[in-house]
>>> print(open('final-v4.pdb').read())   # PDB, C-alpha atoms
ATOM      1  CA  MET A   1     -56.584  18.809  -7.281
ATOM      2  CA  THR A   2     -53.143  17.355  -7.854
ATOM      3  CA  ALA A   3     -52.212  13.922  -9.139
ATOM      4  CA  TYR A   4     -50.231  11.872  -6.627
ATOM      5  CA  THR A   5     -48.853   8.401  -6.301
ATOM      6  CA  ALA A   6     -49.014   7.085  -2.772
ATOM      7  CA  VAL A   7     -46.665   4.201  -2.073
ATOM      8  CA  VAL A   8     -47.753   1.937   0.778
ATOM      9  CA  THR A   9     -45.141  -0.517   2.045
ATOM     10  CA  VAL A  10     -46.475  -3.312   4.239
ATOM     11  CA  ARG A  11     -44.100  -5.514   6.211
ATOM     12  CA  LEU A  12     -44.335  -7.995   9.056
ATOM     13  CA  LYS A  13     -43.806  -6.582  12.520
ATOM     14  CA  THR A  14     -40.407  -7.246  14.034
ATOM     15  CA  GLY A  15     -40.411 -10.659  15.642
ATOM     16  CA  VAL A  16     -43.145 -12.171  13.471
ATOM     17  CA  LEU A  17     -41.805 -15.259  11.696
ATOM     18  CA  ASP A  18     -41.595 -14.975   7.886
ATOM     19  CA  PRO A  19     -41.255 -18.496   6.445
ATOM     20  CA  GLU A  20     -41.366 -17.181   2.862
ATOM     21  CA  ALA A  21     -38.420 -14.880   3.519
ATOM     22  CA  GLU A  22     -36.491 -17.718   5.169
ATOM     23  CA  THR A  23     -37.168 -20.004   2.220
ATOM     24  CA  THR A  24     -36.121 -17.282  -0.223
ATOM     25  CA  GLN A  25     -32.910 -16.676   1.708
ATOM     26  CA  ARG A  26     -32.122 -20.395   1.680
ATOM     27  CA  ALA A  27     -32.682 -20.472  -2.090
ATOM     28  CA  LEU A  28     -30.259 -17.563  -2.537
ATOM     29  CA  GLU A  29     -27.701 -19.381  -0.414
ATOM     30  CA  ARG A  30     -28.125 -22.465  -2.575
ATOM     31  CA  LEU A  31     -27.185 -20.231  -5.514
ATOM     32  CA  ASP A  32     -23.973 -19.414  -3.616
ATOM     33  CA  PHE A  33     -24.960 -15.909  -2.557
ATOM     34  CA  ALA A  34     -23.951 -14.930   0.957
ATOM     35  CA  VAL A  35     -26.906 -13.260   2.718
ATOM     36  CA  GLU A  36     -26.946 -12.350   6.388
ATOM     37  CA  ASP A  37     -30.657 -11.761   6.621
ATOM     38  CA  LEU A  38     -33.543 -11.176   4.257
ATOM     39  CA  ARG A  39     -36.716  -9.206   4.882
ATOM     40  CA  ARG A  40     -39.665  -9.071   2.532
ATOM     41  CA  ALA A  41     -42.351  -6.434   2.073
ATOM     42  CA  ASP A  42     -45.395  -5.779  -0.080
ATOM     43  CA  ARG A  43     -45.470  -2.501  -1.953
ATOM     44  CA  PHE A  44     -48.684  -0.937  -3.245
ATOM     45  CA  GLU A  45     -48.630   2.063  -5.588
ATOM     46  CA  LEU A  46     -51.878   4.015  -5.515
ATOM     47  CA  ASP A  47     -52.516   6.707  -8.104
ATOM     48  CA  LEU A  48     -54.998   9.242  -6.759
ATOM     49  CA  ASP A  49     -56.009  12.892  -6.993
ATOM     50  CA  ALA A  50     -56.087  14.940  -3.802
ATOM     51  CA  GLU A  51     -56.090  18.519  -2.532
ATOM     52  CA  SER A  52     -52.659  18.156  -0.988
ATOM     53  CA  ALA A  53     -49.922  15.612  -0.326
ATOM     54  CA  ASP A  54     -51.188  15.353   3.251
ATOM     55  CA  ALA A  55     -54.700  14.577   2.080
ATOM     56  CA  ALA A  56     -53.341  11.916  -0.294
ATOM     57  CA  ALA A  57     -51.281  10.379   2.532
ATOM     58  CA  GLU A  58     -54.303  10.374   4.817
ATOM     59  CA  ARG A  59     -56.354   8.432   2.271
ATOM     60  CA  ALA A  60     -53.570   5.939   1.618
ATOM     61  CA  ASP A  61     -53.190   5.520   5.371
ATOM     62  CA  ALA A  62     -56.886   4.715   5.716
ATOM     63  CA  MET A  63     -56.602   2.139   2.904
ATOM     64  CA  ALA A  64     -53.655   0.470   4.637
ATOM     65  CA  GLU A  65     -55.519   0.455   7.933
ATOM     66  CA  ARG A  66     -58.717  -1.008   6.457
ATOM     67  CA  LEU A  67     -57.352  -3.526   3.955
ATOM     68  CA  LEU A  68     -53.768  -3.446   2.710
ATOM     69  CA  ALA A  69     -52.212  -4.296   6.079
ATOM     70  CA  ASN A  70     -53.394  -6.547   8.887
ATOM     71  CA  PRO A  71     -52.562  -4.543  12.023
ATOM     72  CA  THR A  72     -52.213  -7.764  14.060
ATOM     73  CA  ILE A  73     -49.069  -8.774  12.189
ATOM     74  CA  HIS A  74     -48.074  -5.830   9.981
ATOM     75  CA  ASP A  75     -46.482  -2.395  10.165
ATOM     76  CA  TYR A  76     -46.794  -0.119   7.173
ATOM     77  CA  GLU A  77     -45.533   3.198   5.897
ATOM     78  CA  VAL A  78     -46.908   5.639   3.354
ATOM     79  CA  GLU A  79     -44.917   7.847   0.995
ATOM     80  CA  VAL A  80     -46.536  10.338  -1.377
ATOM     81  CA  ARG A  81     -45.099  11.900  -4.517
ATOM     82  CA  GLU A  82     -46.559  14.007  -7.304
ATOM     83  CA  ARG A  83     -47.068  12.178 -10.525
TER      84      ARG A  83
ATOM     85  CA  MET B  84     -83.618 -23.564  13.217
ATOM     86  CA  THR B  85     -81.686 -22.934  10.008
ATOM     87  CA  VAL B  86     -77.952 -22.495   9.746
ATOM     88  CA  ALA B  87     -76.620 -20.501   6.787
ATOM     89  CA  VAL B  88     -73.384 -21.711   5.189
ATOM     90  CA  VAL B  89     -71.935 -18.696   3.400
ATOM     91  CA  ARG B  90     -70.502 -19.520  -0.017
ATOM     92  CA  PHE B  91     -67.906 -17.175  -1.477
ATOM     93  CA  GLY B  92     -66.227 -17.581  -4.861
ATOM     94  CA  GLY B  93     -63.534 -20.123  -3.999
ATOM     95  CA  SER B  94     -65.264 -21.703  -0.985
ATOM     96  CA  ASN B  95     -64.874 -25.469  -1.240
ATOM     97  CA  CYS B  96     -66.043 -26.883   2.102
ATOM     98  CA  ASP B  97     -69.523 -25.358   1.913
ATOM     99  CA  ARG B  98     -71.170 -28.590   0.755
ATOM    100  CA  ASP B  99     -69.194 -30.682   3.247
ATOM    101  CA  ALA B 100     -70.404 -28.431   6.050
ATOM    102  CA  ALA B 101     -74.012 -28.562   4.797
ATOM    103  CA  ARG B 102     -73.918 -32.336   4.515
ATOM    104  CA  ALA B 103     -72.393 -32.791   7.968
ATOM    105  CA  LEU B 104     -74.980 -30.459   9.558
ATOM    106  CA  SER B 105     -77.851 -32.216   7.731
ATOM    107  CA  HIS B 106     -76.542 -35.525   9.033
ATOM    108  CA  LEU B 107     -76.952 -34.092  12.542
ATOM    109  CA  ASP B 108     -80.547 -33.105  11.669
ATOM    110  CA  ILE B 109     -79.676 -29.421  11.674
ATOM    111  CA  GLU B 110     -81.442 -27.557   8.880
ATOM    112  CA  VAL B 111     -79.039 -25.810   6.596
ATOM    113  CA  ASP B 112     -79.052 -23.398   3.685
ATOM    114  CA  ILE B 113     -76.077 -22.641   1.466
ATOM    115  CA  VAL B 114     -76.191 -18.883   0.897
ATOM    116  CA  TRP B 115     -74.333 -17.096  -1.924
ATOM    117  CA  HIS B 116     -72.539 -14.182  -0.304
ATOM    118  CA  GLU B 117     -74.027 -11.583  -2.645
ATOM    119  CA  ASP B 118     -77.550 -12.621  -1.625
ATOM    120  CA  GLY B 119     -76.988 -11.733   2.031
ATOM    121  CA  LEU B 120     -78.107 -13.661   5.101
ATOM    122  CA  PRO B 121     -81.716 -14.888   5.371
ATOM    123  CA  ALA B 122     -83.737 -12.676   7.731
ATOM    124  CA  ASP B 123     -84.446 -15.471  10.214
ATOM    125  CA  VAL B 124     -80.972 -16.983  10.321
ATOM    126  CA  ASP B 125     -80.236 -19.044  13.453
ATOM    127  CA  GLY B 126     -76.556 -19.730  12.829
ATOM    128  CA  VAL B 127     -73.752 -19.020  10.363
ATOM    129  CA  VAL B 128     -70.903 -21.165   9.048
ATOM    130  CA  LEU B 129     -67.982 -19.479   7.324
ATOM    131  CA  PRO B 130     -66.658 -22.534   5.464
ATOM    132  CA  GLY B 131     -63.214 -23.551   4.300
ATOM    133  CA  GLY B 132     -61.763 -22.997   0.864
ATOM    134  CA  PHE B 133     -59.774 -20.345  -0.929
ATOM    135  CA  SER B 134     -62.151 -17.385  -1.116
ATOM    136  CA  TYR B 135     -61.004 -14.830  -3.674
ATOM    137  CA  GLY B 136     -58.011 -17.055  -4.434
ATOM    138  CA  ASP B 137     -56.398 -16.019  -1.126
ATOM    139  CA  TYR B 138     -55.506 -12.712  -2.827
ATOM    140  CA  LEU B 139     -53.672 -10.208  -0.621
ATOM    141  CA  ARG B 140     -53.972 -12.510   2.441
ATOM    142  CA  ALA B 141     -56.085 -15.600   3.068
ATOM    143  CA  GLY B 142     -59.570 -14.392   3.998
ATOM    144  CA  ALA B 143     -58.776 -10.695   3.505
ATOM    145  CA  MET B 144     -61.196 -10.046   0.644
ATOM    146  CA  ALA B 145     -64.114 -12.095   1.982
ATOM    147  CA  ALA B 146     -63.710 -10.440   5.397
ATOM    148  CA  ARG B 147     -64.508  -7.077   3.801
ATOM    149  CA  SER B 148     -67.498  -8.209   1.741
ATOM    150  CA  PRO B 149     -70.930  -6.839   2.702
ATOM    151  CA  ILE B 150     -72.265 -10.161   4.022
ATOM    152  CA  VAL B 151     -69.593 -10.173   6.731
ATOM    153  CA  ASP B 152     -71.051  -6.908   8.074
ATOM    154  CA  GLU B 153     -74.327  -8.808   8.400
ATOM    155  CA  VAL B 154     -72.515 -11.714  10.085
ATOM    156  CA  ARG B 155     -70.932  -9.277  12.538
ATOM    157  CA  SER B 156     -74.309  -7.794  13.305
ATOM    158  CA  VAL B 157     -76.118 -11.113  13.934
ATOM    159  CA  ALA B 158     -73.110 -12.355  15.930
ATOM    160  CA  ALA B 159     -73.493  -9.338  18.207
ATOM    161  CA  ASP B 160     -77.118 -10.396  18.761
ATOM    162  CA  GLY B 161     -75.958 -13.816  19.932
ATOM    163  CA  VAL B 162     -76.469 -15.832  16.734
ATOM    164  CA  PRO B 163     -73.825 -18.605  16.757
ATOM    165  CA  VAL B 164     -71.074 -18.211  14.154
ATOM    166  CA  LEU B 165     -68.466 -20.870  13.344
ATOM    167  CA  GLY B 166     -65.490 -20.244  11.053
ATOM    168  CA  VAL B 167     -63.540 -23.254   9.780
ATOM    169  CA  CYS B 168     -60.159 -23.054   8.028
ATOM    170  CA  ASN B 169     -60.599 -20.292   5.418
ATOM    171  CA  GLY B 170     -63.622 -19.321   7.517
ATOM    172  CA  ALA B 171     -61.281 -18.937  10.493
ATOM    173  CA  GLN B 172     -59.020 -16.723   8.413
ATOM    174  CA  ILE B 173     -62.069 -14.670   7.403
ATOM    175  CA  GLY B 174     -63.110 -14.478  11.061
ATOM    176  CA  SER B 175     -59.770 -13.110  12.189
ATOM    177  CA  GLU B 176     -59.381 -10.779   9.196
ATOM    178  CA  SER B 177     -62.811  -9.338   9.924
ATOM    179  CA  GLY B 178     -62.124  -8.837  13.620
ATOM    180  CA  LEU B 179     -64.851 -11.313  14.659
ATOM    181  CA  THR B 180     -62.128 -13.222  16.503
ATOM    182  CA  PRO B 181     -58.673 -12.190  17.753
ATOM    183  CA  GLY B 182     -55.289 -12.895  16.175
ATOM    184  CA  ALA B 183     -54.249 -13.775  12.657
ATOM    185  CA  PHE B 184     -53.772 -17.051  10.789
ATOM    186  CA  THR B 185     -50.740 -16.724   8.558
ATOM    187  CA  THR B 186     -48.140 -18.771   6.647
ATOM    188  CA  ASN B 187     -47.243 -22.128   8.257
ATOM    189  CA  ASP B 188     -43.760 -22.119   9.794
ATOM    190  CA  SER B 189     -42.742 -24.872   7.355
ATOM    191  CA  ALA B 190     -43.933 -22.686   4.443
ATOM    192  CA  ARG B 191     -45.738 -25.842   3.286
ATOM    193  CA  PHE B 192     -49.357 -26.820   2.896
ATOM    194  CA  ARG B 193     -50.187 -29.370   5.614
ATOM    195  CA  CYS B 194     -52.901 -31.934   4.960
ATOM    196  CA  GLU B 195     -53.128 -34.551   7.704
ATOM    197  CA  HIS B 196     -54.873 -35.524  10.932
ATOM    198  CA  VAL B 197     -54.011 -33.733  14.142
ATOM    199  CA  HIS B 198     -54.883 -34.138  17.799
ATOM    200  CA  LEU B 199     -56.544 -31.280  19.630
ATOM    201  CA  ARG B 200     -56.987 -30.713  23.322
ATOM    202  CA  VAL B 201     -60.325 -29.276  24.375
ATOM    203  CA  GLU B 202     -59.447 -26.256  26.517
ATOM    204  CA  ARG B 203     -62.998 -25.425  27.605
ATOM    205  CA  ALA B 204     -66.105 -27.566  27.742
ATOM    206  CA  ASP B 205     -68.503 -24.835  28.827
ATOM    207  CA  THR B 206     -69.063 -23.351  25.365
ATOM    208  CA  PRO B 207     -71.711 -24.467  22.869
ATOM    209  CA  TRP B 208     -68.960 -25.718  20.518
ATOM    210  CA  THR B 209     -67.421 -28.014  23.115
ATOM    211  CA  ALA B 210     -70.440 -28.984  25.238
ATOM    212  CA  ALA B 211     -70.148 -32.512  23.820
ATOM    213  CA  TYR B 212     -66.652 -32.917  25.285
ATOM    214  CA  GLU B 213     -64.919 -32.716  28.642
ATOM    215  CA  ARG B 214     -62.169 -30.222  29.331
ATOM    216  CA  GLY B 215     -58.851 -31.924  28.513
ATOM    217  CA  ASP B 216     -60.420 -34.381  26.040
ATOM    218  CA  VAL B 217     -58.214 -35.173  23.062
ATOM    219  CA  ILE B 218     -60.012 -35.270  19.707
ATOM    220  CA  ARG B 219     -58.715 -36.048  16.230
ATOM    221  CA  LEU B 220     -59.577 -33.831  13.252
ATOM    222  CA  PRO B 221     -58.155 -33.268   9.791
ATOM    223  CA  ILE B 222     -56.312 -30.110   8.794
ATOM    224  CA  ALA B 223     -55.638 -28.842   5.265
ATOM    225  CA  HIS B 224     -54.033 -25.423   5.144
ATOM    226  CA  GLY B 225     -50.990 -23.419   4.145
ATOM    227  CA  GLU B 226     -51.788 -20.422   6.333
ATOM    228  CA  GLY B 227     -52.816 -21.670   9.742
ATOM    229  CA  ARG B 228     -50.136 -20.324  12.055
ATOM    230  CA  PHE B 229     -51.871 -18.431  14.833
ATOM    231  CA  GLU B 230     -50.139 -15.122  15.513
ATOM    232  CA  LEU B 231     -50.850 -12.589  18.217
ATOM    233  CA  ASP B 232     -48.474 -10.374  20.172
ATOM    234  CA  ASP B 233     -47.476 -11.724  23.579
ATOM    235  CA  ASP B 234     -49.469  -9.205  25.623
ATOM    236  CA  ARG B 235     -52.702  -9.842  23.786
ATOM    237  CA  LEU B 236     -52.127 -13.591  23.762
ATOM    238  CA  THR B 237     -51.696 -13.516  27.541
ATOM    239  CA  ARG B 238     -54.919 -11.546  27.843
ATOM    240  CA  LEU B 239     -56.710 -14.019  25.561
ATOM    241  CA  GLU B 240     -55.528 -16.903  27.730
ATOM    242  CA  THR B 241     -56.444 -15.093  30.926
ATOM    243  CA  GLU B 242     -59.922 -14.537  29.504
ATOM    244  CA  ASP B 243     -60.022 -18.273  28.715
ATOM    245  CA  ARG B 244     -60.792 -17.750  25.055
ATOM    246  CA  VAL B 245     -58.570 -20.482  23.616
ATOM    247  CA  LEU B 246     -60.905 -23.296  22.579
ATOM    248  CA  PHE B 247     -58.493 -25.919  21.149
ATOM    249  CA  ARG B 248     -54.730 -26.485  21.163
ATOM    250  CA  TYR B 249     -52.696 -28.835  18.950
ATOM    251  CA  CYS B 250     -51.390 -31.646  21.129
ATOM    252  CA  ASP B 251     -49.980 -35.142  20.990
ATOM    253  CA  GLU B 252     -52.068 -38.261  21.594
ATOM    254  CA  THR B 253     -51.761 -37.859  25.330
ATOM    255  CA  GLY B 254     -52.953 -34.256  25.310
ATOM    256  CA  GLU B 255     -49.557 -32.534  25.670
ATOM    257  CA  PRO B 256     -49.296 -29.390  23.506
ATOM    258  CA  THR B 257     -45.744 -30.133  22.337
ATOM    259  CA  PRO B 258     -43.841 -28.338  19.542
ATOM    260  CA  ALA B 259     -43.774 -31.605  17.565
ATOM    261  CA  ALA B 260     -47.579 -31.795  17.681
ATOM    262  CA  ASN B 261     -47.898 -28.244  16.357
ATOM    263  CA  PRO B 262     -48.408 -28.576  12.585
ATOM    264  CA  ASN B 263     -47.931 -24.940  11.630
ATOM    265  CA  GLY B 264     -45.976 -23.062  14.290
ATOM    266  CA  SER B 265     -49.050 -21.542  15.949
ATOM    267  CA  LYS B 266     -48.191 -19.554  19.059
ATOM    268  CA  HIS B 267     -48.881 -21.598  22.194
ATOM    269  CA  ASN B 268     -50.269 -24.346  19.884
ATOM    270  CA  VAL B 269     -53.531 -22.402  19.451
ATOM    271  CA  ALA B 270     -55.827 -24.112  16.925
ATOM    272  CA  GLY B 271     -59.130 -22.382  17.682
ATOM    273  CA  VAL B 272     -60.327 -19.331  19.595
ATOM    274  CA  LEU B 273     -63.511 -17.676  20.745
ATOM    275  CA  GLY B 274     -64.733 -14.228  19.764
ATOM    276  CA  GLU B 275     -65.945 -11.736  22.326
ATOM    277  CA  ARG B 276     -69.020 -13.870  22.821
ATOM    278  CA  GLU B 277     -68.561 -17.578  23.256
ATOM    279  CA  THR B 278     -71.189 -18.135  20.560
ATOM    280  CA  VAL B 279     -68.532 -17.045  18.027
ATOM    281  CA  ALA B 280     -65.658 -19.445  17.375
ATOM    282  CA  VAL B 281     -63.086 -20.173  14.691
ATOM    283  CA  LEU B 282     -60.692 -23.086  14.202
ATOM    284  CA  MET B 283     -58.296 -24.214  11.490
ATOM    285  CA  PRO B 284     -59.088 -27.983  11.700
ATOM    286  CA  HIS B 285     -62.165 -29.324   9.921
ATOM    287  CA  PRO B 286     -64.933 -30.719  12.179
ATOM    288  CA  GLU B 287     -67.219 -31.158   9.143
ATOM    289  CA  ARG B 288     -64.749 -33.644   7.679
ATOM    290  CA  ALA B 289     -64.988 -35.767  10.818
ATOM    291  CA  THR B 290     -68.744 -35.950  11.303
ATOM    292  CA  LEU B 291     -70.123 -38.474   8.777
ATOM    293  CA  PRO B 292     -69.520 -42.047  10.016
ATOM    294  CA  ASP B 293     -68.662 -43.112   6.455
ATOM    295  CA  LEU B 294     -65.510 -41.009   6.679
ATOM    296  CA  GLY B 295     -64.179 -43.155   9.474
ATOM    297  CA  HIS B 296     -64.332 -40.957  12.519
ATOM    298  CA  THR B 297     -66.776 -38.526  14.027
ATOM    299  CA  ASP B 298     -64.869 -36.472  16.597
ATOM    300  CA  GLY B 299     -65.954 -33.242  14.891
ATOM    301  CA  ALA B 300     -69.698 -33.764  15.277
ATOM    302  CA  GLY B 301     -69.651 -32.218  18.745
ATOM    303  CA  VAL B 302     -68.345 -28.933  17.369
ATOM    304  CA  LEU B 303     -71.165 -28.704  14.808
ATOM    305  CA  ARG B 304     -73.711 -29.594  17.469
ATOM    306  CA  GLY B 305     -72.727 -26.247  18.942
ATOM    307  CA  PHE B 306     -75.453 -24.731  16.776
ATOM    308  CA  GLU B 307     -78.075 -26.721  18.702
ATOM    309  CA  ALA B 308     -76.389 -26.075  22.033
ATOM    310  CA  ALA B 309     -76.185 -22.327  21.403
ATOM    311  CA  THR B 310     -79.855 -21.960  20.555
ATOM    312  CA  SER B 311     -81.414 -24.420  23.000
TER     313      SER B 311
END
>>> encode(input="final-v4.pdb", output="structure tokens")
Amino acid sequence: MTAYTAVVTVRLKTGVLDPEAETTQRALERLDFAVEDLRRADRFELDLDAESADAAAERADAMAERLLANPTIHDYEVEVRER
Amino acid sequence: MTVAVVRFGGSNCDRDAARALSHLDIEVDIVWHEDGLPADVDGVVLPGGFSYGDYLRAGAMAARSPIVDEVRSVAADGVPVLGVCNGAQIGSESGLTPGAFTTNDSARFRCEHVHLRVERADTPWTAAYERGDVIRLPIAHGEGRFELDDDRLTRLETEDRVLFRYCDETGEPTPAANPNGSKHNVAGVLGERETVAVLMPHPERATLPDLGHTDGAGVLRGFEAATS
């Protein structure tokens, strides 16, 4: 078994309105920063032991599918690195 | 018949729902989620509130708790299930009903009265109304914007599974009457069976005459209509 960290990044699908991102962008603009667009994502770091990087990615993928993301509005990606 | 109101940590409309149902002479039991559903349950309310502090996403944690597996199973047997507000978010997060309820377009919590157009009168939840009726119910939510991709929303509408839309006083579903940016002004939808429904507005807060108006009573009477 090898120790891995799987990083799951969950973001809204293209075209789904993100009022929090819009509000954050407006706040940055109020601070005099020029921002063309702002996108926001949730990042989960999962420490786990697995037989291989693929096996770790598969488990993280299942976690995203079952809980971390809502497939109706979210896309997600999984990255795995040894820890 | 006995309707179970499922209480999660953070539910706060469980007693309102129980009181409103009792007022309609419907027997009701508030059930702590860890205790599971009673064996002879005749109906289930997923009440409003902030279950699990809205962690991750509103309704996400409660939707994956063991009692929701039981709710899914009785719902498949035809037991009526109604999700209100946080209960609607739990319903969509659990796949009991389609779509997602997410952050209001204003990014603000909205607490006010809205008008709703009854889109179907041939379901237990709307048997007390006529199609096209305009009713007035309170809302109180920060994450009530109905989201669904265009293809699936079209299919949902073709299957006639939209129960209520936000509208103005005359029944027009205008953008100005939409309190949260919901797609196509959708305020409530049906599950695969019409005995399963969720909505963001609160019928239990518009059932007791002391509260001034009773437009929501018809929705709660759905439990009688579904089992008669």
>>> atom_distance(input="final-v4.pdb", atom1="CA of Leu67 (chain A)", atom2="CA of Ala143 (chain B)")
7.3 Å
>>> atom_distance(input="final-v4.pdb", atom1="CA of Pro163 (chain B)", atom2="CA of Leu68 (chain A)")
28.8 Å
>>> interface_residues(input="final-v4.pdb", of="chain A", to="chain B", cutoff="12 Å", atoms="all atoms listed in the file", output="ChimeraX atom specification")
/A:10,12-24,42-44,64-74
>>> atom_distance(input="final-v4.pdb", atom1="CA of Asp49 (chain A)", atom2="CA of Val80 (chain A)")
11.3 Å
>>> residues_around(input="final-v4.pdb", residues="region 290-302 of chain B", least_positions_apart="4", cutoff="12 Å", atoms="all atoms listed in the file", output="PyMOL selection string")
chain B and resi 99-109+128+163-167+196-201+204+206-213+216-222+246-247+271+278-282+284-286+306-309
>>> residues_around(input="final-v4.pdb", residues="Val8 (chain A)", least_positions_apart="6", cutoff="7 Å", atoms="only C-alpha atoms", output="ChimeraX atom specification")
/A:43-45,76-79
>>> closest_residue(input="final-v4.pdb", among="B:Gly215, B:Thr310, B:Thr180, B:Arg90", to="Thr253 (chain B)", atoms="all atoms listed in the file")
B:Gly215
>>> axis_aligned_box(input="final-v4.pdb", around="region 280-288 of chain B", padding_each_side="8 Å", output="lines of an AutoDock Vina configuration file")
center_x = -62.8
center_y = -26.5
center_z = 12.5
size_x = 24.9
size_y = 30.2
size_z = 25.7
>>> residues_around(input="final-v4.pdb", residues="Arg83 (chain A)", least_positions_apart="3", cutoff="8 Å", atoms="all atoms listed in the file", output="list in words")
Ala3, Tyr4 and Thr5 of chain A
>>> residues_around(input="final-v4.pdb", residues="Ala145 (chain B)", least_positions_apart="2", cutoff="12 Å", atoms="all atoms listed in the file", output="PyMOL selection string")
(chain A and resi 67) or (chain B and resi 89-94+116-117+129-143+147-152+154+169-177)
>>> decode(input="final-v4.pdb", residues="region 254-275 of chain B", atoms="C-alpha atoms", output="mmCIF file, in the first residue's frame")
data_model
loop_
_atom_site.group_PDB
_atom_site.id
_atom_site.type_symbol
_atom_site.label_atom_id
_atom_site.label_comp_id
_atom_site.auth_asym_id
_atom_site.auth_seq_id
_atom_site.Cartn_x
_atom_site.Cartn_y
_atom_site.Cartn_z
ATOM 1 C CA GLY B 254 -50.634 34.272 -12.365
ATOM 2 C CA GLU B 255 -47.941 35.396 -14.837
ATOM 3 C CA PRO B 256 -44.564 33.737 -14.145
ATOM 4 C CA THR B 257 -42.551 36.928 -14.692
ATOM 5 C CA PRO B 258 -38.848 37.457 -13.874
ATOM 6 C CA ALA B 259 -39.852 40.091 -11.296
ATOM 7 C CA ALA B 260 -42.024 37.539 -9.481
ATOM 8 C CA ASN B 261 -39.147 35.055 -9.318
ATOM 9 C CA PRO B 262 -37.550 35.529 -5.879
ATOM 10 C CA ASN B 263 -34.407 33.486 -6.433
ATOM 11 C CA GLY B 264 -33.630 33.127 -10.133
ATOM 12 C CA SER B 265 -35.158 29.652 -10.456
ATOM 13 C CA LYS B 266 -35.130 28.376 -14.024
ATOM 14 C CA HIS B 267 -38.549 28.817 -15.636
ATOM 15 C CA ASN B 268 -39.789 30.122 -12.234
ATOM 16 C CA VAL B 269 -39.986 26.553 -10.881
ATOM 17 C CA ALA B 270 -40.904 26.536 -7.175
ATOM 18 C CA GLY B 271 -41.917 22.898 -6.711
ATOM 19 C CA VAL B 272 -41.608 19.633 -8.620
ATOM 20 C CA LEU B 273 -42.825 16.068 -8.514
ATOM 21 C CA GLY B 274 -40.675 12.969 -8.162
ATOM 22 C CA GLU B 275 -41.097 9.979 -10.425
#
